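Novice: My structure file upload-v8.txt, compact mmCIF, C-alpha atoms, is below:
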# COMPACT_ATOMS: atom_id res chain seq x y z
CA MET A 1 0.00 0.00 0.00
CA SER A 2 1.56 3.27 -1.04
CA ASN A 3 1.75 6.17 1.39
CA ASP A 4 0.00 8.38 -1.17
CA PHE A 5 -3.01 6.11 -1.40
CA TYR A 6 -3.24 5.86 2.38
CA THR A 7 -2.85 9.61 2.90
CA ASN A 8 -5.15 10.74 0.11
CA SER A 9 -7.83 8.09 -0.06
CA ILE A 10 -8.05 6.42 3.35
CA LEU A 11 -6.90 8.93 5.95
CA PRO A 12 -9.65 11.50 5.17
CA HIS A 13 -12.18 8.75 6.04
CA SER A 14 -10.25 7.27 8.94
CA GLY A 15 -12.73 8.78 11.41
CA ILE A 16 -15.58 6.57 10.29
CA ILE A 17 -13.31 3.54 9.97
CA ILE A 18 -12.20 4.10 13.57
CA LYS A 19 -15.80 4.53 14.76
CA ILE A 20 -16.88 1.32 13.01
CA CYS A 21 -13.88 -0.70 14.24
CA ARG A 22 -14.44 0.52 17.80
CA ALA A 23 -18.01 -0.75 17.66
CA TYR A 24 -16.87 -4.25 16.75
CA THR A 25 -13.93 -4.60 19.11
CA ASP A 26 -13.50 -4.38 22.82
CA THR A 27 -9.75 -4.12 23.22
CA GLN A 28 -7.18 -1.69 21.84
CA GLU A 29 -5.25 -4.58 20.32
CA ASP A 30 -8.29 -5.89 18.43
CA PHE A 31 -9.21 -2.38 17.38
CA GLU A 32 -5.79 -1.81 15.80
CA ASP A 33 -5.93 -5.20 14.05
CA TYR A 34 -9.39 -4.44 12.64
CA TYR A 35 -8.37 -0.94 11.56
CA GLN A 36 -5.33 -2.25 9.75
CA GLU A 37 -7.28 -5.07 8.13
CA VAL A 38 -9.94 -2.62 6.89
CA CYS A 39 -7.24 -0.35 5.41
CA LEU A 40 -5.65 -3.33 3.72
CA GLN A 41 -8.98 -4.49 2.29
CA ILE A 42 -9.71 -0.99 0.95
CA TRP A 43 -6.32 -0.90 -0.72
CA ARG A 44 -6.69 -4.39 -2.16
CA SER A 45 -10.22 -3.77 -3.43
CA LYS A 46 -9.66 -0.24 -4.74
CA ASP A 47 -9.71 -1.37 -8.38
CA ARG A 48 -13.21 -2.74 -7.87
CA PHE A 49 -14.56 0.71 -7.02
CA ARG A 50 -16.88 1.51 -9.95
CA GLU A 51 -17.95 5.04 -9.00
CA GLU A 52 -21.58 3.87 -8.81
CA SER A 53 -21.58 5.26 -5.29
CA LYS A 54 -19.46 7.83 -3.47
CA TRP A 55 -15.97 6.76 -2.40
CA SER A 56 -16.97 7.41 1.22
CA THR A 57 -20.09 5.21 0.92
CA TRP A 58 -18.01 2.47 -0.63
CA ILE A 59 -15.53 2.72 2.26
CA TYR A 60 -18.38 2.46 4.80
CA ARG A 61 -19.64 -0.67 3.12
CA LEU A 62 -16.23 -2.23 2.89
CA ALA A 63 -15.33 -1.36 6.49
CA LEU A 64 -18.59 -2.83 7.77
CA ASN A 65 -18.26 -5.99 5.71
CA CYS A 66 -14.68 -6.41 6.79
CA CYS A 67 -15.55 -5.99 10.49
CA LEU A 68 -18.48 -8.39 10.16
CA THR A 69 -16.20 -10.99 8.55
CA LEU A 70 -13.52 -10.52 11.19
CA ILE A 71 -15.97 -10.79 14.05
CA LYS A 72 -17.40 -14.00 12.56
CA LYS A 73 -13.92 -15.46 12.20
CA LYS A 74 -13.13 -14.48 15.75
CA LYS A 75 -16.32 -16.09 16.99
CA ASN A 76 -15.47 -19.27 15.14
CA ASN A 77 -11.98 -19.27 16.61
CA ARG A 78 -13.13 -18.57 20.12
CA GLN A 79 -16.60 -19.90 20.65
CA ASN A 80 -16.83 -18.31 24.06
CA ILE A 81 -16.43 -14.82 22.63
CA ALA A 82 -20.14 -14.10 23.09
CA SER A 83 -19.91 -14.72 26.79
CA ASP A 84 -16.77 -12.58 26.89
CA PHE A 85 -18.73 -9.75 25.32
CA GLU A 86 -21.56 -10.22 27.75
CA GLN A 87 -19.24 -9.97 30.67
CA LYS A 88 -17.52 -6.79 29.51
CA GLU A 89 -19.17 -3.73 30.89
CA ILE A 90 -17.50 -0.41 31.40
CA GLY A 91 -14.14 -1.72 32.58
CA GLU A 92 -10.87 0.18 32.10
CA GLU A 93 -10.43 -1.24 28.59
CA ASN A 94 -13.71 0.37 27.54
CA LYS A 95 -12.77 3.83 28.77
CA ILE A 96 -11.38 4.82 25.41
CA PHE A 97 -12.87 8.26 24.98
CA GLU A 98 -12.62 11.27 27.26
CA ASP A 99 -16.39 11.66 27.21
CA GLU A 100 -17.91 9.22 29.71
CA SER A 101 -21.29 9.24 27.95
CA LEU A 102 -19.64 8.26 24.67
CA ASN A 103 -17.87 5.35 26.38
CA LEU A 104 -21.21 4.19 27.74
CA LEU A 105 -22.84 4.58 24.36
CA TYR A 106 -20.15 2.40 22.78
CA VAL A 107 -20.67 -0.30 25.41
CA ALA A 108 -24.38 -0.18 24.64
CA ILE A 109 -23.75 -0.35 20.88
CA ARG A 110 -21.56 -3.42 21.38
CA LYS A 111 -24.53 -5.10 23.04
CA LEU A 112 -26.47 -4.92 19.77
CA SER A 113 -26.40 -7.54 17.05
CA GLU A 114 -23.73 -7.06 14.38
CA ILE A 115 -26.18 -5.73 11.78
CA ASP A 116 -27.88 -3.40 14.25
CA ARG A 117 -24.47 -2.01 15.13
CA ALA A 118 -23.83 -1.25 11.46
CA ILE A 119 -27.22 0.44 11.08
CA ILE A 120 -26.92 2.64 14.15
CA LEU A 121 -23.37 3.70 13.26
CA LEU A 122 -24.53 4.85 9.84
CA TYR A 123 -27.53 6.57 11.39
CA LEU A 124 -25.38 8.39 13.95
CA GLU A 125 -23.11 9.47 11.12
CA GLU A 126 -26.21 11.12 9.63
CA LYS A 127 -26.28 8.96 6.54
CA PRO A 128 -29.66 9.20 4.76
CA TYR A 129 -31.93 6.19 5.03
CA ASP A 130 -31.57 5.31 1.36
CA ILE A 131 -27.77 5.17 1.71
CA ILE A 132 -28.05 3.02 4.86
CA ALA A 133 -30.52 0.77 3.03
CA GLU A 134 -28.14 0.51 0.08
CA ILE A 135 -25.17 -0.35 2.30
CA ILE A 136 -27.05 -2.88 4.41
CA GLY A 137 -29.00 -4.24 1.46
CA THR A 138 -32.59 -3.71 2.58
CA SER A 139 -35.46 -1.26 2.07
CA ASN A 140 -35.79 2.28 3.47
CA ASN A 141 -38.88 1.25 5.45
CA ASN A 142 -37.10 -1.60 7.12
CA ILE A 143 -34.26 0.70 8.09
CA ALA A 144 -36.63 3.29 9.52
CA VAL A 145 -38.43 0.70 11.68
CA ARG A 146 -35.17 -0.92 12.73
CA ILE A 147 -33.63 2.39 13.78
CA ILE A 148 -36.58 3.17 16.06
CA ARG A 149 -36.19 -0.23 17.74
CA ILE A 150 -32.43 0.12 18.07
CA LYS A 151 -32.75 3.57 19.61
CA GLU A 152 -35.28 2.26 22.11
CA ARG A 153 -32.93 -0.60 23.03
CA LEU A 154 -29.98 1.77 23.40
CA LYS A 155 -32.03 4.16 25.54
CA LYS A 156 -33.04 1.28 27.79
CA LEU A 157 -29.44 0.15 28.15
CA LEU A 158 -28.18 3.65 28.85
CA ASP A 159 -30.96 4.42 31.33
CA GLY A 160 -30.21 1.22 33.19
CA LYS A 161 -26.48 2.08 32.76
CA ILE A 162 -26.13 -1.12 30.68
CA ASN A 163 -26.59 -4.70 31.82
CA MET B 1 -32.63 16.22 30.75
CA GLU B 2 -30.66 13.18 29.56
CA LYS B 3 -28.78 13.68 26.31
CA SER B 4 -30.01 11.83 23.22
CA ILE B 5 -27.73 9.27 21.62
CA GLU B 6 -27.33 11.60 18.64
CA THR B 7 -26.04 14.38 20.93
CA ILE B 8 -23.73 12.03 22.84
CA TRP B 9 -22.29 10.88 19.52
CA LYS B 10 -21.82 14.39 18.12
CA GLU B 11 -20.44 16.00 21.25
CA GLY B 12 -18.32 13.02 22.21
CA PHE B 13 -16.22 13.14 19.10
CA VAL B 14 -15.81 16.92 18.86
CA LYS B 15 -12.55 17.31 20.73
CA ASP B 16 -11.45 13.75 20.99
CA ASP B 17 -8.02 12.72 19.82
CA LYS B 18 -9.09 9.08 19.87
CA LEU B 19 -10.07 9.49 16.24
CA ILE B 20 -6.40 9.67 15.30
CA ALA B 21 -5.70 6.65 13.13
CA PRO B 22 -3.35 4.03 14.52
CA LYS B 23 -0.14 3.40 12.63
CA VAL B 24 -0.44 0.84 9.88
CA ASN B 25 2.82 -0.89 10.70
CA ASP B 26 2.01 -4.08 12.52
CA LEU B 27 -0.25 -5.29 9.81
CA TYR B 28 1.29 -8.65 9.11
CA ASN B 29 2.70 -9.83 12.41
CA GLN B 30 -0.25 -11.98 13.37
CA LYS B 31 -0.96 -12.98 9.77
CA SER B 32 2.58 -14.25 9.21
CA ILE B 33 2.50 -16.31 12.40
CA ASP B 34 -0.92 -17.71 11.41
CA ILE B 35 0.08 -18.71 7.88
CA VAL B 36 3.30 -20.45 8.96
CA SER B 37 1.63 -22.30 11.82
CA LYS B 38 -1.19 -23.39 9.49
CA PHE B 39 1.34 -24.75 7.00
CA LYS B 40 3.30 -26.51 9.76
CA ARG B 41 0.13 -28.09 11.08
CA MET B 42 -0.94 -29.33 7.63
CA TYR B 43 2.53 -30.61 6.84
CA LYS B 44 2.87 -32.52 10.11
CA ILE B 45 -0.59 -34.05 9.69
CA ASN B 46 0.43 -35.24 6.21
CA VAL B 47 3.61 -36.85 7.51
CA ILE B 48 1.71 -38.58 10.34
CA ALA B 49 -0.84 -39.83 7.78
CA ILE B 50 1.99 -41.34 5.69
CA VAL B 51 3.48 -43.03 8.79
CA LEU B 52 0.10 -44.52 9.70
CA PHE B 53 -0.60 -45.59 6.12
CA SER B 54 2.80 -47.30 5.80
CA PHE B 55 2.16 -49.32 8.95
CA ILE B 56 -1.34 -50.24 7.83
CA ILE B 57 -0.44 -51.28 4.29
CA LEU B 58 2.28 -53.74 5.39
CA PRO B 59 0.11 -56.14 7.46
CA VAL B 60 -2.84 -55.65 5.10
CA SER B 61 -0.70 -56.71 2.12
CA PHE B 62 0.20 -59.94 3.97
CA VAL B 63 -3.45 -60.59 4.83
CA VAL B 64 -4.56 -60.19 1.21
CA LYS B 65 -1.49 -62.19 0.11
CA ILE B 66 0.25 -59.53 -1.97
CA PRO B 67 3.26 -59.02 0.33
CA TYR B 68 5.69 -57.96 -2.42
CA MET B 69 3.71 -54.85 -3.13
CA GLY B 70 3.23 -54.22 0.60
CA ILE B 71 6.93 -54.49 1.42
CA MET B 72 7.95 -52.25 -1.49
CA MET B 73 5.30 -49.65 -0.54
CA PHE B 74 6.36 -49.79 3.11
CA PHE B 75 9.94 -49.15 2.08
CA LEU B 76 8.88 -46.27 -0.18
CA PHE B 77 6.75 -44.58 2.50
CA ASN B 78 9.54 -44.84 5.03
CA VAL B 79 11.97 -43.16 2.65
CA ILE B 80 9.38 -40.36 2.26
CA ILE B 81 9.10 -40.10 6.05
CA ILE B 82 12.90 -39.87 6.48
CA VAL B 83 13.13 -37.13 3.85
CA ASN B 84 10.26 -35.25 5.48
CA ARG B 85 11.71 -35.53 8.97
CA LYS B 86 14.81 -33.76 7.73
CA THR B 87 12.75 -30.96 6.20
CA ILE B 88 10.63 -30.56 9.36
CA TYR B 89 13.84 -30.21 11.37
CA LYS B 90 14.90 -27.35 9.10
CA LEU B 91 11.45 -25.78 9.35
CA ASN B 92 11.61 -25.76 13.14
CA LYS B 93 14.97 -24.03 12.96
CA ILE B 94 13.50 -20.89 11.33
CA ASP B 95 14.11 -18.06 13.78
CA ASN B 96 10.70 -16.71 14.84
CA SER B 97 12.28 -13.71 16.55
CA LEU B 98 12.82 -12.19 13.09
CA ASN B 99 10.47 -9.43 11.97
CA SER B 100 7.40 -10.59 10.01
CA TYR B 101 8.89 -9.84 6.60
CA GLU B 102 12.17 -11.66 7.26
CA TYR B 103 10.30 -14.49 8.95
CA LEU B 104 8.07 -14.96 5.90
CA LEU B 105 11.06 -14.73 3.57
CA SER B 106 12.87 -17.43 5.58
CA PHE B 107 9.74 -19.55 5.46
CA LYS B 108 9.40 -18.96 1.71
CA GLY B 109 13.06 -20.03 1.33
CA TRP B 110 12.26 -23.21 3.21
CA THR B 111 9.22 -23.97 1.02
CA ASP B 112 11.29 -23.34 -2.13
CA GLU B 113 13.82 -25.86 -0.85
CA LEU B 114 11.02 -28.28 0.00
CA ILE B 115 9.56 -27.96 -3.51
CA ALA B 116 13.02 -28.51 -5.06
CA VAL B 117 13.60 -31.66 -2.95
CA ASN B 118 10.07 -32.84 -3.66
CA THR B 119 10.50 -32.31 -7.40
CA LYS B 120 13.79 -34.26 -7.49
CA PHE B 121 12.36 -37.00 -5.32
CA SER B 122 9.23 -37.31 -7.49
CA ARG B 123 11.38 -38.25 -10.50
CA PHE B 124 12.21 -41.48 -8.64
CA LEU B 125 9.02 -41.78 -6.64
CA TYR B 126 6.52 -42.21 -9.47
CA PRO B 127 8.56 -44.74 -11.54
CA TYR B 128 9.16 -46.67 -8.30
CA MET B 129 5.44 -46.61 -7.46
CA PHE B 130 4.65 -47.82 -10.96
CA LEU B 131 7.21 -50.62 -10.61
CA THR B 132 5.83 -51.58 -7.21
CA MET B 133 2.29 -51.81 -8.46
CA PHE B 134 3.38 -53.62 -11.61
CA PHE B 135 5.25 -56.28 -9.62
CA GLY B 136 2.42 -56.49 -7.15
CA PHE B 137 -0.01 -57.42 -9.90
CA TRP B 138 2.60 -59.46 -11.83
CA CYS B 139 3.41 -61.70 -8.88
CA GLY B 140 -0.18 -61.81 -7.63
CA PRO B 141 -1.24 -63.48 -4.40
CA ILE B 142 0.97 -66.11 -2.77
CA GLY B 143 -0.10 -69.69 -3.34
CA GLY B 144 -2.01 -69.27 -6.59
CA ASP B 145 -0.85 -69.05 -10.21
CA ILE B 146 1.56 -66.24 -10.95
CA PRO B 147 -0.47 -63.92 -13.19
CA GLY B 148 2.67 -62.57 -14.91
CA GLU B 149 3.77 -66.04 -15.98
CA VAL B 150 0.29 -66.85 -17.28
CA VAL B 151 0.35 -63.66 -19.37
CA VAL B 152 3.86 -64.43 -20.73
CA LYS B 153 2.90 -68.01 -21.62
CA GLY B 154 -0.21 -66.80 -23.43
CA PHE B 155 1.76 -64.13 -25.28
CA VAL B 156 4.52 -66.56 -26.34
CA ALA B 157 1.93 -69.07 -27.51
CA GLU B 158 0.34 -66.37 -29.66
CA PHE B 159 3.65 -64.93 -30.94
CA PRO B 160 6.20 -67.80 -30.79
CA ASN B 161 8.95 -65.81 -32.57
CA THR B 162 8.86 -62.91 -30.12
CA PRO B 163 12.39 -62.02 -28.87
CA MET B 164 12.85 -62.61 -25.12
CA VAL B 165 15.02 -60.75 -22.56
CA PHE B 166 15.64 -62.52 -19.21
CA GLY B 167 12.52 -64.61 -19.79
CA PHE B 168 10.30 -61.62 -20.63
CA PRO B 169 9.03 -60.69 -24.12
CA LEU B 170 11.11 -57.80 -25.45
CA ILE B 171 7.99 -55.72 -26.10
CA PHE B 172 6.99 -56.02 -22.40
CA VAL B 173 10.42 -54.84 -21.30
CA GLY B 174 10.25 -52.00 -23.84
CA VAL B 175 6.85 -50.84 -22.59
CA MET B 176 8.05 -51.02 -18.97
CA ILE B 177 11.19 -49.01 -19.70
CA PHE B 178 9.20 -46.47 -21.69
CA ALA B 179 6.61 -46.07 -18.92
CA MET B 180 9.29 -45.64 -16.26
CA LEU B 181 11.27 -43.16 -18.32
CA PHE B 182 8.10 -41.23 -19.04
CA LEU B 183 7.19 -41.13 -15.33
CA ALA B 184 10.76 -40.07 -14.46
CA LEU B 185 10.44 -37.29 -17.01
CA VAL B 186 7.07 -35.97 -15.81
CA GLY B 187 7.55 -37.02 -12.17
CA GLY B 188 8.78 -33.55 -11.19
CA ARG B 189 5.69 -31.95 -12.66
CA ILE B 190 3.37 -34.47 -11.01
CA GLY B 191 5.16 -33.76 -7.73
CA LYS B 192 4.62 -30.01 -8.11
CA TRP B 193 0.98 -30.55 -9.04
CA ASP B 194 0.54 -32.81 -6.02
CA PHE B 195 2.17 -30.21 -3.75
CA ASN B 196 -0.06 -27.46 -5.15
CA LEU B 197 -3.12 -29.60 -4.61
CA GLY B 198 -2.40 -29.70 -0.89
CA TYR B 199 -0.62 -26.44 -0.22
CA GLY B 200 -1.36 -24.29 -3.31
CA ARG B 201 -3.82 -21.99 -1.56
CA ILE B 202 -1.54 -21.34 1.38
CA MET B 203 1.43 -20.76 -0.95
CA ARG B 204 -0.53 -18.20 -2.97
CA ARG B 205 -1.45 -16.38 0.24
CA LEU B 206 2.18 -16.42 1.28
CA LYS B 207 3.28 -14.89 -2.03
CA THR B 208 0.58 -12.19 -1.84
CA MET B 209 1.60 -11.33 1.71
CA ILE B 210 5.26 -11.01 0.82
CA LYS B 211 4.36 -8.85 -2.18
CA ASP B 212 2.12 -6.62 -0.05
CA MET B 213 4.82 -6.28 2.59
CA GLU B 214 7.38 -5.32 -0.01
CA GLU B 215 5.06 -2.57 -1.19
CA LEU B 216 4.41 -1.51 2.39
CA LYS B 217 8.13 -1.24 3.03
CA GLN B 218 8.55 1.22 0.16
Please express what this file holds, its structure, as structure tokens.
Specialist:
Amino acid sequence: MSNDFYTNSILPHSGIIIKICRAYTDTQEDFEDYYQEVCLQIWRSKDRFREESKWSTWIYRLALNCCLTLIKKKKNNRQNIASDFEQKEIGEENKIFEDESLNLLYVAIRKLSEIDRAIILLYLEEKPYDIIAEIIGTSNNNIAVRIIRIKERLKKLLDGKIN
Amino acid sequence: MEKSIETIWKEGFVKDDKLIAPKVNDLYNQKSIDIVSKFKRMYKINVIAIVLFSFIILPVSFVVKIPYMGIMMFFLFNVIIIVNRKTIYKLNKIDNSLNSYEYLLSFKGWTDELIAVNTKFSRFLYPYMFLTMFFGFWCGPIGGDIPGEVVVKGFVAEFPNTPMVFGFPLIFVGVMIFAMLFLALVGGRIGKWDFNLGYGRIMRRLKTMIKDMEELKQ
């Protein structure tokens, strides 16, 4: 991967890649692995970008798919990962951000299913419903209904300070 | 009033330096360890399978009364095991304290050596296997008629003027020599094909990783 490609095409979108990777990992080490893997996948797949969507939308999709694949692999490798996730609350390793509410929100997001995590991340990044629907591969209506449910679940978790 | 999740998200990231991207430098450490250990595992399983097979085929060949083939196969498999033990010893000597790139290069060097040994060995292996199977069927089971002799008698009766070499029709010897020479000639290629069948995917991944790392190093 050339420095130019990384600096010009990936780095401007690193914020969203970081946000997505954080939602699918619970340790700094995993986060860095996921981030690097996503960057590598973007670089490897760059020739397949057909300009049918925006570069940023394409990166979202790729980052999400990559994280979903990695999390599946990880689950297959360590079958007890689900129980690990369940047990992790707001321990030291989850205090990544300075803002305490944001740390809590991330813990709550990690409680969601993998697809729901993808949807809420895109929603929080203010992506229009049709773009979210395109990335996830479903209809606008489904997305709208799903977002309401996810928000309710998150609110419940945050009000009860997770559990 | 409690903040909405949208507000938490927006405000939380405003002045946070946690959105600074991590360095993309450690990309291949885990991958290189994974790929080498996967290869080692597959390779060792293969060697164990050959050991088991060699010890199964020997008694089985006696039970079904074709011991010549069994003994020759047992000998062949044990030569393969000895060759492989030597290569495993070299594989275990690769220094895993090297950085990922050097580690993968050392591993690639080892696989190149393995392929070269395998290719040379295959030039003898396949003619030998052919010979083993030929004699196995020629001699047949102990106690009954020898199928090879029956065939020769029939052939000589049909073509009484056929030239003979050490009791065999010349044409038989010619076909045997041709088949063995042919197998010796293509044995290397068969060996490579056989290697690729088992390890091709992992070798392609290894090459891609080394290529990626070379680009990353630039």
Novice: With all atoms listed in the file as the counted atoms, please give the residues lying no more than 9 Å from segment 133-148 of chain A, apart from itself and same-chain residues fewer than 2 positions off, as a list in words.
Specialist: Thr57, Trp58, Tyr60, Arg61, Leu64, Ile115, Asp116, Ala118, Ile119, Ile120, Tyr123, Pro128, Tyr129, Asp130, Ile131, Ile150, Lys151, Glu152 and Arg153 of chain A
Novice: Print the selection's residues with C-alpha atoms to a file, as a compact mmCIF listing (two decimals), in the coordinates of the input.
Specialist:
# COMPACT_ATOMS: atom_id res chain seq x y z
CA THR A 57 -20.09 5.21 0.92
CA TRP A 58 -18.01 2.47 -0.63
CA TYR A 60 -18.38 2.46 4.80
CA ARG A 61 -19.64 -0.67 3.12
CA LEU A 64 -18.59 -2.83 7.77
CA ILE A 115 -26.18 -5.73 11.78
CA ASP A 116 -27.88 -3.40 14.25
CA ALA A 118 -23.83 -1.25 11.46
CA ILE A 119 -27.22 0.44 11.08
CA ILE A 120 -26.92 2.64 14.15
CA TYR A 123 -27.53 6.57 11.39
CA PRO A 128 -29.66 9.20 4.76
CA TYR A 129 -31.93 6.19 5.03
CA ASP A 130 -31.57 5.31 1.36
CA ILE A 131 -27.77 5.17 1.71
CA ILE A 150 -32.43 0.12 18.07
CA LYS A 151 -32.75 3.57 19.61
CA GLU A 152 -35.28 2.26 22.11
CA ARG A 153 -32.93 -0.60 23.03
Novice: Given a cut-off of 9 Å, which residues of chain A touch chain B, counting all atoms listed in the file, written out as an MDAnalysis selection string?
Specialist: chainID A and resid 1:3 11 14:19 32:33 35:37 39:40 96:103 105 123:125 151 154:155 159
Novice: Taking 5 positions as the minimum chain separation for residues in the same chain, which residues sit within 12 Å of Lys153 of chain B when counting only C-alpha atoms? Answer as a tab-separated table (two decimals) with C-alpha atoms, keeping the file's coordinate frame.
Specialist:
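Output (part-v4.tsv):
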chain	number	residue	atom	x	y	z
B	146	ILE	CA	1.56	-66.24	-10.95
B	147	PRO	CA	-0.47	-63.92	-13.19
B	148	GLY	CA	2.67	-62.57	-14.91
B	158	GLU	CA	0.34	-66.37	-29.66
B	159	PHE	CA	3.65	-64.93	-30.94
B	160	PRO	CA	6.20	-67.80	-30.79
B	162	THR	CA	8.86	-62.91	-30.12
B	164	MET	CA	12.85	-62.61	-25.12
B	167	GLY	CA	12.52	-64.61	-19.79
B	168	PHE	CA	10.30	-61.62	-20.63
B	169	PRO	CA	9.03	-60.69	-24.12
Novice: Could you please determine the separation between atom CA of Trp55 of chain A and atom CA of Ile42 of chain A in Å, to one decimal place?
Specialist: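 Taking atom CA of Trp55 of chain A as the start and atom CA of Ile42 of chain A as the end point, the length is 10.5 Å.
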Novice: Could you tell me how far atom CA of Leu121 of chain A lies from atom CA of Asp4 of chain A, in Å and to one decimal?
Specialist: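 Here the two named atoms are 27.9 Å from each other.
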Novice: Tell me which protein, DNA and RNA residues are within 10 Å of Leu58 of chain B, counting all atoms listed in the file, leaving out same-chain ones fewer than 4 positions away, and put them as JSON, numbers by chain.
Specialist: {"B": [53, 54, 62, 63, 66, 67, 68, 69, 70, 71, 72, 73, 74, 75]}
Novice: For the atom pair atom CA of Gly160 of chain A and atom CA of Val107 of chain A, what is the interatomic distance in Å to one decimal place?
Specialist: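 Result for atom CA of Gly160 of chain A versus atom CA of Val107 of chain A: 12.4 Å, one decimal.
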Novice: Let me make sure I understand: among B:Leu114, B:Ile57, B:Tyr126, B:Tyr101, which one has the smallest atom-to-atom distance to Tyr199 of chain B if we use only C-alpha atoms?
Specialist: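 Of B:Leu114, B:Ile57, B:Tyr126, B:Tyr101, the one nearest Tyr199 of chain B is B:Leu114, counting only C-alpha atoms.
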Novice: Check the smallest atom-to-atom distance from each of B:Leu131, B:Ile81, B:Leu170, B:Ile115 to Gly188 of chain B using all atoms listed in the file, then report the winner.
Specialist: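 Of all the options, B:Ile115 lies closest to Gly188 of chain B.
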